[in-house]
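Printed here is coords.cif (mmCIF, C-alpha atoms (C1' of nucleotides) and all ligand atoms):
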data_work
loop_
_atom_site.label_atom_id
_atom_site.label_comp_id
_atom_site.auth_asym_id
_atom_site.auth_seq_id
_atom_site.Cartn_x
_atom_site.Cartn_y
_atom_site.Cartn_z
CA MET H 1 360.08 145.48 210.24
CA PHE H 2 361.50 148.20 207.98
CA SER H 3 359.73 151.09 206.30
CA LYS H 4 358.65 150.78 202.68
CA ALA H 5 361.42 153.20 201.80
CA THR H 6 364.06 150.98 203.35
CA GLU H 7 362.61 147.86 201.76
CA TYR H 8 362.86 149.51 198.35
CA ALA H 9 366.35 150.74 199.20
CA LEU H 10 367.50 147.22 199.99
CA ARG H 11 365.97 145.70 196.87
CA ALA H 12 367.16 148.51 194.61
CA THR H 13 370.71 148.35 195.89
CA ILE H 14 370.83 144.60 195.44
CA TYR H 15 369.53 144.93 191.90
CA ILE H 16 372.00 147.65 191.00
CA ALA H 17 374.87 145.65 192.49
CA LYS H 18 373.78 142.63 190.52
CA GLN H 19 373.18 144.25 187.13
CA GLY H 20 375.35 147.33 187.11
CA THR H 21 379.00 148.24 186.90
CA GLU H 22 380.77 151.52 186.36
CA GLU H 23 380.59 150.72 182.64
CA LYS H 24 376.99 149.57 182.58
CA LYS H 25 374.79 151.87 184.57
CA ILE H 26 371.17 151.15 185.34
CA SER H 27 368.33 153.61 184.86
CA ILE H 28 365.75 154.35 187.52
CA GLU H 29 363.11 153.05 185.13
CA GLU H 30 364.77 149.67 184.86
CA ILE H 31 365.37 149.48 188.59
CA SER H 32 361.83 150.25 189.64
CA LYS H 33 360.45 147.78 187.12
CA ALA H 34 362.86 145.08 188.23
CA ILE H 35 362.13 145.41 191.93
CA ASP H 36 358.44 146.20 191.53
CA SER H 37 358.43 149.60 193.21
CA PRO H 38 356.94 153.05 192.44
CA GLN H 39 359.39 154.81 190.14
CA SER H 40 359.33 158.38 191.49
CA PHE H 41 359.44 157.24 195.08
CA THR H 42 362.33 154.94 194.31
CA ALA H 43 364.14 157.84 192.67
CA LYS H 44 363.82 159.82 195.88
CA ILE H 45 365.17 156.92 197.87
CA LEU H 46 368.15 156.52 195.57
CA GLN H 47 368.96 160.16 196.21
CA LEU H 48 369.50 159.22 199.84
CA LEU H 49 371.69 156.27 198.94
CA THR H 50 373.85 158.33 196.59
CA ARG H 51 374.52 161.11 199.13
CA ASP H 52 378.29 161.45 199.07
CA ASN H 53 378.23 158.27 196.94
CA LYS H 54 378.15 156.50 200.24
CA VAL H 55 376.45 153.38 198.93
CA VAL H 56 375.22 153.91 195.39
CA SER H 57 376.92 156.01 192.72
CA SER H 58 375.16 157.83 189.91
CA VAL H 59 375.82 159.76 186.73
CA ARG H 60 373.36 162.01 184.89
CA GLY H 61 372.84 162.34 181.19
CA PRO H 62 372.63 159.85 178.32
CA ASN H 63 373.95 156.43 179.31
CA GLY H 64 373.85 157.68 182.84
CA GLY H 65 372.27 155.79 185.69
CA PHE H 66 373.15 154.04 188.90
CA PHE H 67 375.89 151.60 189.81
CA LEU H 68 377.95 150.39 192.74
CA THR H 69 381.71 150.61 192.86
CA GLU H 70 383.50 147.36 193.62
CA LYS H 71 384.33 148.84 196.98
CA ALA H 72 380.69 149.68 197.70
CA LYS H 73 379.68 146.13 196.88
CA ASN H 74 381.75 144.98 199.83
CA LEU H 75 379.83 147.17 202.28
CA PRO H 76 377.72 145.42 204.88
CA VAL H 77 374.00 145.48 204.29
CA ARG H 78 373.77 147.61 207.36
CA ALA H 79 375.31 150.47 205.38
CA ILE H 80 372.03 150.66 203.46
CA LEU H 81 370.09 150.94 206.71
CA GLN H 82 372.46 153.64 207.88
CA ALA H 83 372.01 155.63 204.69
CA MET H 84 368.26 155.36 205.21
CA GLU H 85 368.67 156.41 208.83
CA GLU H 86 366.80 153.34 209.94
CA ASP H 87 369.81 151.71 211.47
CA GLN H 88 368.80 152.38 215.06
CA LEU H 89 365.80 150.13 214.53
CA LEU H 90 368.05 147.14 215.11
CA GLU H 91 368.98 148.51 218.52
CA LYS H 92 365.51 149.47 219.71
CA CYS H 93 363.68 148.06 222.69
CA VAL H 94 360.74 145.87 221.61
CA LEU H 95 358.50 147.59 224.14
CA GLY H 96 359.58 151.04 222.99
CA LEU H 97 361.63 152.08 226.01
CA LYS H 98 364.04 154.86 225.18
CA LEU H 99 367.03 152.65 225.77
CA CYS H 100 367.51 148.94 225.34
CA SER H 101 370.14 147.98 227.85
CA GLU H 102 371.00 145.84 230.80
CA LEU H 103 370.77 148.90 233.01
CA GLN H 104 367.01 149.21 232.76
CA PRO H 105 365.79 146.20 230.81
CA CYS H 106 362.18 145.67 229.81
CA PRO H 107 360.54 142.31 230.54
CA MET H 108 361.27 141.06 227.02
CA HIS H 109 364.89 142.12 227.09
CA ALA H 110 366.63 139.04 228.48
CA GLN H 111 365.24 136.79 225.78
CA TYR H 112 365.06 139.32 222.99
CA LYS H 113 368.68 140.26 223.43
CA THR H 114 370.07 137.13 221.83
CA ILE H 115 367.73 137.50 218.87
CA LYS H 116 368.74 141.11 218.49
CA GLN H 117 372.39 140.19 218.50
CA GLN H 118 371.83 137.72 215.70
CA LEU H 119 369.92 140.31 213.71
CA ILE H 120 372.70 142.84 214.04
CA LYS H 121 375.31 140.25 213.19
CA LEU H 122 373.40 139.30 210.06
CA PHE H 123 373.27 142.87 208.80
CA VAL H 124 376.88 143.53 209.69
CA THR H 125 378.44 140.42 208.21
CA LYS H 126 376.35 140.08 205.06
CA THR H 127 377.69 142.23 202.27
CA ILE H 128 375.77 143.75 199.42
CA ARG H 129 377.90 141.65 197.08
CA GLN H 130 376.86 138.43 198.74
CA LEU H 131 373.18 139.26 198.34
CA ALA H 132 373.66 140.23 194.71
CA ASP H 133 375.55 137.03 193.98
CA ASP H 134 372.78 134.92 195.48
CA THR H 135 370.35 136.71 193.21
CA LEU H 136 372.51 136.02 190.17
CA GLU H 137 372.41 132.30 190.89
CA GLY H 138 368.69 132.55 190.23
CA ALA H 139 367.91 130.87 193.50
CA VAL H 140 366.42 133.94 195.14
CA PHE H 141 364.21 136.87 194.17
CA ILE H 142 363.81 140.58 194.75
CA ASN H 143 360.36 141.09 193.27
CA ASN H 144 356.94 139.51 193.44
CA LYS H 145 356.78 138.21 189.90
CA LYS H 146 356.26 134.54 189.37
CA PRO H 147 359.53 132.74 188.73
CA ARG H 148 359.75 131.36 185.17
CA LYS H 149 360.92 127.87 184.51
CA LYS H 150 363.96 127.63 182.28
CA MET M 1 360.00 147.13 215.19
CA PHE M 2 356.43 147.69 216.31
CA SER M 3 354.25 150.77 215.99
CA LYS M 4 353.96 153.17 218.91
CA ALA M 5 350.42 151.90 219.39
CA THR M 6 351.60 148.33 219.79
CA GLU M 7 354.43 149.34 222.10
CA TYR M 8 351.93 151.09 224.36
CA ALA M 9 349.60 148.10 224.08
CA LEU M 10 352.33 145.76 225.28
CA ARG M 11 353.40 147.96 228.15
CA ALA M 12 349.82 148.75 229.20
CA THR M 13 348.79 145.11 229.18
CA ILE M 14 351.80 144.12 231.24
CA TYR M 15 351.05 146.87 233.75
CA ILE M 16 347.39 145.93 234.04
CA ALA M 17 348.28 142.27 234.45
CA LYS M 18 350.75 143.17 237.15
CA GLN M 19 348.63 145.63 239.14
CA GLY M 20 345.06 144.66 238.42
CA THR M 21 342.62 141.92 239.25
CA GLU M 22 338.88 141.61 238.79
CA GLU M 23 338.57 143.12 242.28
CA LYS M 24 341.11 145.89 241.80
CA LYS M 25 340.69 147.58 238.47
CA ILE M 26 343.11 150.11 237.09
CA SER M 27 342.13 153.47 235.61
CA ILE M 28 343.39 154.74 232.31
CA GLU M 29 344.97 157.64 234.15
CA GLU M 30 347.04 155.36 236.36
CA ILE M 31 348.03 153.16 233.41
CA SER M 32 349.23 155.95 231.17
CA LYS M 33 351.21 157.51 234.00
CA ALA M 34 352.78 154.19 234.91
CA ILE M 35 353.88 153.32 231.41
CA ASP M 36 354.72 156.86 230.36
CA SER M 37 352.30 157.12 227.43
CA PRO M 38 349.79 159.73 226.19
CA GLN M 39 346.56 159.12 228.07
CA SER M 40 343.94 159.62 225.36
CA PHE M 41 345.90 157.65 222.83
CA THR M 42 346.37 154.84 225.30
CA ALA M 43 342.63 154.86 225.94
CA LYS M 44 342.02 154.31 222.24
CA ILE M 45 344.47 151.46 222.20
CA LEU M 46 342.85 149.80 225.19
CA GLN M 47 339.58 149.91 223.28
CA LEU M 48 341.18 147.61 220.74
CA LEU M 49 342.48 145.26 223.41
CA THR M 50 339.10 145.04 225.13
CA ARG M 51 337.18 144.21 221.94
CA ASP M 52 335.22 141.10 222.91
CA ASN M 53 337.33 141.13 226.09
CA LYS M 54 339.85 139.25 224.04
CA VAL M 55 342.86 140.38 226.04
CA VAL M 56 341.91 143.11 228.48
CA SER M 57 338.58 143.42 230.33
CA SER M 58 337.00 146.67 231.41
CA VAL M 59 334.15 148.06 233.48
CA ARG M 60 332.80 151.61 233.38
CA GLY M 61 331.69 153.78 236.24
CA PRO M 62 333.08 154.46 239.69
CA ASN M 63 335.65 151.90 240.72
CA GLY M 64 335.67 150.83 237.11
CA GLY M 65 338.80 150.39 235.07
CA PHE M 66 340.81 147.72 233.36
CA PHE M 67 341.95 144.28 234.43
CA LEU M 68 342.93 140.91 233.04
CA THR M 69 341.15 137.72 233.92
CA GLU M 70 343.34 134.92 235.22
CA LYS M 71 342.70 133.18 231.92
CA ALA M 72 343.79 136.20 229.92
CA LYS M 73 347.03 136.41 231.87
CA ASN M 74 347.95 133.04 230.44
CA LEU M 75 347.64 134.24 226.86
CA PRO M 76 350.80 134.39 224.80
CA VAL M 77 352.21 137.84 224.23
CA ARG M 78 351.38 137.31 220.60
CA ALA M 79 347.70 137.71 221.49
CA ILE M 80 348.42 141.39 222.10
CA LEU M 81 349.96 141.71 218.66
CA GLN M 82 346.96 139.97 217.16
CA ALA M 83 344.54 142.30 218.90
CA MET M 84 346.57 145.21 217.49
CA GLU M 85 346.52 143.57 214.07
CA GLU M 86 350.28 143.80 213.93
CA ASP M 87 350.78 140.09 214.20
CA GLN M 88 351.70 139.59 210.55
CA LEU M 89 354.78 141.71 211.12
CA LEU M 90 356.52 138.68 212.59
CA GLU M 91 355.92 136.78 209.34
CA LYS M 92 356.98 139.49 206.92
CA CYS M 93 359.84 139.35 204.45
CA VAL M 94 362.69 141.68 205.49
CA LEU M 95 362.93 142.99 201.93
CA GLY M 96 359.17 143.55 201.71
CA LEU M 97 358.27 140.79 199.29
CA LYS M 98 354.60 139.92 199.47
CA LEU M 99 355.35 136.46 200.78
CA CYS M 100 358.18 135.18 202.91
CA SER M 101 358.55 131.56 201.94
CA GLU M 102 360.86 128.91 200.62
CA LEU M 103 358.99 129.03 197.33
CA GLN M 104 360.30 132.44 196.35
CA PRO M 105 362.84 133.46 198.94
CA CYS M 106 364.59 136.83 198.99
CA PRO M 107 368.38 136.95 199.36
CA MET M 108 368.12 137.47 203.12
CA HIS M 109 365.64 134.68 203.64
CA ALA M 110 367.90 131.70 204.30
CA GLN M 111 369.65 133.41 207.19
CA TYR M 112 366.77 135.51 208.41
CA LYS M 113 364.51 132.50 208.65
CA THR M 114 366.09 131.11 211.79
CA ILE M 115 365.95 134.50 213.50
CA LYS M 116 362.34 134.87 212.52
CA GLN M 117 361.53 131.47 213.97
CA GLN M 118 363.06 132.47 217.28
CA LEU M 119 361.12 135.72 217.29
CA ILE M 120 357.85 133.93 216.69
CA LYS M 121 358.67 131.33 219.29
CA LEU M 122 359.40 134.05 221.83
CA PHE M 123 356.05 135.74 221.31
CA VAL M 124 354.16 132.46 221.29
CA THR M 125 355.72 130.88 224.35
CA LYS M 126 356.01 133.94 226.59
CA THR M 127 352.79 134.62 228.41
CA ILE M 128 351.51 137.94 229.64
CA ARG M 129 351.68 136.54 233.16
CA GLN M 130 355.37 135.77 232.84
CA LEU M 131 356.15 139.33 231.76
CA ALA M 132 354.06 140.77 234.57
CA ASP M 133 355.76 138.55 237.15
CA ASP M 134 359.20 139.65 235.97
CA THR M 135 358.08 143.23 236.44
CA LEU M 136 356.85 142.51 239.95
CA GLU M 137 360.27 141.19 240.92
CA GLY M 138 361.49 144.71 240.31
CA ALA M 139 364.22 143.51 238.03
CA VAL M 140 362.70 144.95 234.87
CA PHE M 141 360.90 148.11 233.80
CA ILE M 142 358.09 149.26 231.56
CA ASN M 143 358.74 152.98 231.58
CA ASN M 144 361.60 155.38 231.16
CA LYS M 145 361.77 156.66 234.71
CA LYS M 146 364.97 156.27 236.60
CA PRO M 147 364.91 153.23 238.87
CA ARG M 148 364.90 154.18 242.55
CA LYS M 149 367.13 152.47 244.98
CA LYS M 150 365.35 150.72 247.81
"C1'" DA N 1 316.58 159.96 241.53
"C1'" DT N 2 320.77 162.34 241.28
"C1'" DA N 3 325.49 163.10 240.97
"C1'" DA N 4 329.96 161.48 240.25
"C1'" DA N 5 333.31 158.52 238.19
"C1'" DT N 6 334.67 156.08 234.87
"C1'" DA N 7 335.37 153.90 229.94
"C1'" DA N 8 333.53 154.13 225.00
"C1'" DA N 9 332.86 156.52 220.95
"C1'" DG N 10 333.52 160.01 217.73
"C1'" DA N 11 335.47 164.14 215.65
"C1'" DT N 12 339.38 166.28 214.50
"C1'" DA N 13 344.22 167.89 214.37
"C1'" DA N 14 349.23 167.31 213.80
"C1'" DC N 15 352.66 164.82 211.94
"C1'" DT N 16 354.92 161.22 209.16
"C1'" DT N 17 355.26 158.20 205.37
"C1'" DT N 18 354.33 157.12 200.84
"C1'" DG N 19 353.72 158.54 196.42
"C1'" DT N 20 353.40 161.71 192.11
"C1'" DC N 21 354.45 165.43 189.19
"C1'" DT N 22 357.13 169.32 187.40
"C1'" DT N 23 361.21 171.77 186.82
"C1'" DT N 24 366.19 172.00 186.82
"C1'" DA N 25 370.94 170.46 186.22
"C1'" DT N 26 374.21 167.53 183.99
"C1'" DT N 27 376.12 164.71 180.54
"C1'" DT N 28 376.50 162.77 176.02
"C1'" DA N 29 375.94 162.43 171.09
"C1'" DT N 30 375.22 164.80 166.91
"C1'" DA L 1 375.83 174.65 169.61
"C1'" DT L 2 371.87 171.90 169.99
"C1'" DA L 3 369.03 168.21 171.27
"C1'" DA L 4 368.22 164.25 173.90
"C1'" DA L 5 368.65 161.45 177.92
"C1'" DT L 6 369.19 161.05 182.19
"C1'" DA L 7 369.32 161.95 187.57
"C1'" DA L 8 368.49 165.74 191.18
"C1'" DA L 9 365.63 168.78 193.40
"C1'" DG L 10 361.49 170.64 194.83
"C1'" DA L 11 356.56 171.16 195.32
"C1'" DC L 12 352.74 168.87 196.24
"C1'" DA L 13 349.07 165.23 197.30
"C1'" DA L 14 347.25 161.11 199.43
"C1'" DA L 15 347.21 158.01 203.05
"C1'" DG L 16 348.49 156.40 207.44
"C1'" DT L 17 349.89 157.09 212.33
"C1'" DT L 18 349.89 159.45 216.50
"C1'" DA L 19 347.63 162.39 219.50
"C1'" DT L 20 343.97 165.34 221.63
"C1'" DC L 21 339.47 166.86 222.78
"C1'" DT L 22 334.47 166.52 223.32
"C1'" DT L 23 330.38 164.01 223.93
"C1'" DT L 24 327.98 159.84 225.27
"C1'" DA L 25 327.02 155.63 227.81
"C1'" DT L 26 327.44 152.93 231.93
"C1'" DT L 27 328.00 152.01 236.66
"C1'" DT L 28 328.19 153.06 241.48
"C1'" DA L 29 327.33 155.63 245.66
"C1'" DT L 30 324.49 158.77 248.02
S1 LIG K 201 365.08 146.90 227.01
FE1 LIG K 201 363.42 146.18 225.90
S2 LIG K 201 364.36 144.88 224.48
FE2 LIG K 201 366.06 145.61 225.60
S1 LIG K 202 361.43 135.92 201.67
FE1 LIG K 202 362.46 137.63 202.48
S2 LIG K 202 362.75 137.06 204.52
FE2 LIG K 202 361.73 135.33 203.73
#

Would you write the structure of this file as structure tokens?
Amino acid sequence: MFSKATEYALRATIYIAKQGTEEKKISIEEISKAIDSPQSFTAKILQLLTRDNKVVSSVRGPNGGFFLTEKAKNLPVRAILQAMEEDQLLEKCVLGLKLCSELQPCPMHAQYKTIKQQLIKLFVTKTIRQLADDTLEGAVFINNKKPRKK
Amino acid sequence: MFSKATEYALRATIYIAKQGTEEKKISIEEISKAIDSPQSFTAKILQLLTRDNKVVSSVRGPNGGFFLTEKAKNLPVRAILQAMEEDQLLEKCVLGLKLCSELQPCPMHAQYKTIKQQLIKLFVTKTIRQLADDTLEGAVFINNKKPRKK
DNA sequence: ATAAATAAAGATAACTTTGTCTTTATTTAT
DNA sequence: ATAAATAAAGACAAAGTTATCTTTATTTAT
């Protein structure tokens, strides 16, 4: 569905929200290890997410790293897609027509529409904080490593 | 959602199903004009769909072209995705984990799951014939040209 | 047989995405 | 002030996708 870059962006943001605060910032090394992603590429992606501190915040230097403000944690997950400029994917026509609309619908439109609406709703109503909290519970995962029994 | 190649594959197959029969085959030129796609690229894509005549059938030479057998028209739309080897996209984890499953779910899984099931159901239950028939009715479109009033 | 019309196959080019590496800027601790 | 630790920026490379062009094979009509 999403590009690799956006997948990493989602996982990285969730991890930072979960582990980091303004006081305890997370290094790119820790992030990429935790979410099982290529470090340099992930660094590039975080540069997009920190533009104007829109989603992720960062500080350079010793004890620097990435974190999310409390306010940012309340952003909808869609904000991550927007920062990655992959937001319009949710609106696209499945058959690749330039517009997905009632005006000139493709043959999949009528039935796809309701699915699309649910997708958009999911990304708009879910907040980054909610995803991070789920991860804290230990019930869900953001990497491919085998879960360890307690 | 899908690659350009798969988008063209879907539109081309629908057009061929709608316009073509074993007696009246459709040329690549007509297809690419009708669905508003690059001709040579579309030709390549049709080569994938005609492999073993799985979805589309073709004949070379004068009066040759592409068509769908009556049997092929009853295939689920998913067969097109399979021929394009983009079928697994429907099964993928939104966050890009290697597996999407209850065993090691990502934080989006619980809510995405039901959407995913609907998506899969749509592509499995819709047949190529159904899409082509909708297009014949004139109520839906498979290109970006302005609809003409009758 | 020959020519014409068509799709199939193959080579290649342009562009995008993914990924790495090096250098620079910033911040902190000493 | 200096050194160390960090992210930011930039240059590049590798791989994948999209697209075009040329040649070949097949079929039909004459
Ligand atoms: S027009 Fe194709 S999905 Fe809406
Ligand atoms: S595990 Fe991520 S969507 Fe199912």

Environment of ligand LIG 202 (chain K) within 12 Å, counting all atoms listed in the file, reported as a ChimeraX atom specification:
/H:1-2,7,10-11,131,139-144 /M:89-117

Hey, which bits of chain L sit within 6 Å of chain M, and for each residue what's the closest pair of atoms and how far apart in Å (one decimal), counting all atoms listed in the file, rows by chain and increasing number, as CSV?
residue,atom,partner,partner_atom,distance
L:DT26,C1',M:Arg60,CA,5.7
L:DT27,C1',M:Gly61,CA,4.1
L:DT28,C1',M:Pro62,CA,5.4

What are the centre and edge lengths in Å, to one decimal, of the axis-aligned box around all listed atoms of ligand LIG 201 (chain K) with 3 Å added on each side, as AutoDock Vina command-line options?
--center_x 364.7 --center_y 145.9 --center_z 225.7 --size_x 8.6 --size_y 8.0 --size_z 8.5

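With only C-alpha atoms as the basis for measurement, H:Val56 is the residue among H:Val56, H:Val124, H:Leu136, H:Leu49 that approaches Lys25 in chain H most closely.
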
Taking only residues of chain N that have an atom at most 12 Å from an atom of chain H, what is each one's shortest atom pair and its distance in Å to one decimal, using all atoms listed in the file, in chain and number order, as a Markdown table?
| residue | atom | partner | partner_atom | distance |
| --- | --- | --- | --- | --- |
| N:DT16 | C1' | H:Ser3 | CA | 11.6 |
| N:DT17 | C1' | H:Ser3 | CA | 8.4 |
| N:DT18 | C1' | H:Phe41 | CA | 7.7 |
| N:DG19 | C1' | H:Phe41 | CA | 6.0 |
| N:DT20 | C1' | H:Ser40 | CA | 6.8 |
| N:DC21 | C1' | H:Ser40 | CA | 8.9 |
| N:DT22 | C1' | H:Ser40 | CA | 11.9 |
| N:DA25 | C1' | H:Arg60 | CA | 8.9 |
| N:DT26 | C1' | H:Arg60 | CA | 5.7 |
| N:DT27 | C1' | H:Gly61 | CA | 4.1 |
| N:DT28 | C1' | H:Pro62 | CA | 5.4 |
| N:DA29 | C1' | H:Pro62 | CA | 8.4 |

If you measure from C1' of DA13 in chain N to CA of Leu46 in chain M, what distance in Å do you get, rounded to one decimal?
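According to the coordinates, C1' of DA13 in chain N and CA of Leu46 in chain M are separated by 21.1 Å.
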
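Proximity to DT30 in chain L at 12 Å, evaluated using all atoms listed in the file and with sequence-adjacent residues fewer than 6 positions away removed, yields N:DA1, N:DT2, N:DA3, N:DA4.
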
Same residues, C-alpha atoms (C1' of nucleotides), saved as a PDB file, in the coordinates of the input:
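And here is the file that came out, part.pdb:
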ATOM      1  C1'  DA N   1     316.580 159.960 241.530  1.00  0.00           C
ATOM      2  C1'  DT N   2     320.770 162.340 241.280  1.00  0.00           C
ATOM      3  C1'  DA N   3     325.490 163.100 240.970  1.00  0.00           C
ATOM      4  C1'  DA N   4     329.960 161.480 240.250  1.00  0.00           C
TER       5       DA N   4
END

Work out how far CA of Thr135 in chain M is from CA of Ile14 in chain M, in Å to one decimal.
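Separation between CA of Ile14 in chain M and CA of Thr135 in chain M: 8.2 Å.
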
Can you measure CA of Gly20 in chain H to CA of Ala43 in chain H for me? One decimal in Å is fine.
16.3 Å

Emit a file covering range 43-58 of chain M of the preceding structure with N, CA, C and O atoms, as a PDB file, in the first residue's frame.
ATOM      1  N   ALA M  43       1.365  -2.702 -24.199  1.00  0.00           N
ATOM      2  CA  ALA M  43       1.630  -3.953 -24.921  1.00  0.00           C
ATOM      3  C   ALA M  43       2.407  -4.920 -24.038  1.00  0.00           C
ATOM      4  O   ALA M  43       2.109  -6.113 -23.967  1.00  0.00           O
ATOM      5  N   LYS M  44       3.413  -4.395 -23.367  1.00  0.00           N
ATOM      6  CA  LYS M  44       4.205  -5.215 -22.439  1.00  0.00           C
ATOM      7  C   LYS M  44       3.325  -5.827 -21.356  1.00  0.00           C
ATOM      8  O   LYS M  44       3.455  -6.991 -20.989  1.00  0.00           O
ATOM      9  N   ILE M  45       2.441  -5.001 -20.844  1.00  0.00           N
ATOM     10  CA  ILE M  45       1.583  -5.462 -19.752  1.00  0.00           C
ATOM     11  C   ILE M  45       0.646  -6.563 -20.230  1.00  0.00           C
ATOM     12  O   ILE M  45       0.433  -7.565 -19.539  1.00  0.00           O
ATOM     13  N   LEU M  46       0.140  -6.386 -21.456  1.00  0.00           N
ATOM     14  CA  LEU M  46      -0.762  -7.413 -21.991  1.00  0.00           C
ATOM     15  C   LEU M  46      -0.022  -8.725 -22.202  1.00  0.00           C
ATOM     16  O   LEU M  46      -0.612  -9.807 -22.126  1.00  0.00           O
ATOM     17  N   GLN M  47       1.280  -8.636 -22.444  1.00  0.00           N
ATOM     18  CA  GLN M  47       2.053  -9.876 -22.550  1.00  0.00           C
ATOM     19  C   GLN M  47       1.988 -10.665 -21.251  1.00  0.00           C
ATOM     20  O   GLN M  47       1.959 -11.899 -21.260  1.00  0.00           O
ATOM     21  N   LEU M  48       1.993  -9.952 -20.132  1.00  0.00           N
ATOM     22  CA  LEU M  48       1.876 -10.649 -18.843  1.00  0.00           C
ATOM     23  C   LEU M  48       0.492 -11.283 -18.687  1.00  0.00           C
ATOM     24  O   LEU M  48       0.366 -12.409 -18.204  1.00  0.00           O
ATOM     25  N   LEU M  49      -0.527 -10.549 -19.111  1.00  0.00           N
ATOM     26  CA  LEU M  49      -1.893 -11.044 -18.920  1.00  0.00           C
ATOM     27  C   LEU M  49      -2.222 -12.194 -19.866  1.00  0.00           C
ATOM     28  O   LEU M  49      -3.144 -12.968 -19.603  1.00  0.00           O
ATOM     29  N   THR M  50      -1.479 -12.305 -20.963  1.00  0.00           N
ATOM     30  CA  THR M  50      -1.772 -13.385 -21.909  1.00  0.00           C
ATOM     31  C   THR M  50      -0.916 -14.624 -21.657  1.00  0.00           C
ATOM     32  O   THR M  50      -1.118 -15.648 -22.308  1.00  0.00           O
ATOM     33  N   ARG M  51       0.060 -14.512 -20.752  1.00  0.00           N
ATOM     34  CA  ARG M  51       0.838 -15.702 -20.387  1.00  0.00           C
ATOM     35  C   ARG M  51      -0.086 -16.880 -20.121  1.00  0.00           C
ATOM     36  O   ARG M  51      -0.926 -16.825 -19.211  1.00  0.00           O
ATOM     37  N   ASP M  52       0.093 -17.935 -20.892  1.00  0.00           N
ATOM     38  CA  ASP M  52      -0.742 -19.143 -20.764  1.00  0.00           C
ATOM     39  C   ASP M  52      -2.225 -18.804 -20.961  1.00  0.00           C
ATOM     40  O   ASP M  52      -3.086 -19.550 -20.500  1.00  0.00           O
ATOM     41  N   ASN M  53      -2.490 -17.685 -21.644  1.00  0.00           N
ATOM     42  CA  ASN M  53      -3.890 -17.237 -21.808  1.00  0.00           C
ATOM     43  C   ASN M  53      -4.651 -17.234 -20.496  1.00  0.00           C
ATOM     44  O   ASN M  53      -5.850 -17.515 -20.444  1.00  0.00           O
ATOM     45  N   LYS M  54      -3.954 -16.942 -19.451  1.00  0.00           N
ATOM     46  CA  LYS M  54      -4.567 -17.010 -18.127  1.00  0.00           C
ATOM     47  C   LYS M  54      -5.763 -16.071 -18.021  1.00  0.00           C
ATOM     48  O   LYS M  54      -6.827 -16.442 -17.567  1.00  0.00           O
ATOM     49  N   VAL M  55      -5.560 -14.825 -18.457  1.00  0.00           N
ATOM     50  CA  VAL M  55      -6.647 -13.855 -18.332  1.00  0.00           C
ATOM     51  C   VAL M  55      -7.088 -13.371 -19.718  1.00  0.00           C
ATOM     52  O   VAL M  55      -8.245 -13.479 -20.083  1.00  0.00           O
ATOM     53  N   VAL M  56      -6.128 -12.864 -20.465  1.00  0.00           N
ATOM     54  CA  VAL M  56      -6.436 -12.340 -21.793  1.00  0.00           C
ATOM     55  C   VAL M  56      -5.918 -13.331 -22.839  1.00  0.00           C
ATOM     56  O   VAL M  56      -4.913 -14.003 -22.611  1.00  0.00           O
ATOM     57  N   SER M  57      -6.606 -13.415 -23.968  1.00  0.00           N
ATOM     58  CA  SER M  57      -6.144 -14.250 -25.085  1.00  0.00           C
ATOM     59  C   SER M  57      -5.744 -13.342 -26.233  1.00  0.00           C
ATOM     60  O   SER M  57      -6.230 -12.219 -26.330  1.00  0.00           O
ATOM     61  N   SER M  58      -4.851 -13.826 -27.085  1.00  0.00           N
ATOM     62  CA  SER M  58      -4.414 -12.981 -28.189  1.00  0.00           C
ATOM     63  C   SER M  58      -4.127 -13.818 -29.424  1.00  0.00           C
ATOM     64  O   SER M  58      -3.836 -15.017 -29.336  1.00  0.00           O
TER      65      SER M  58
END
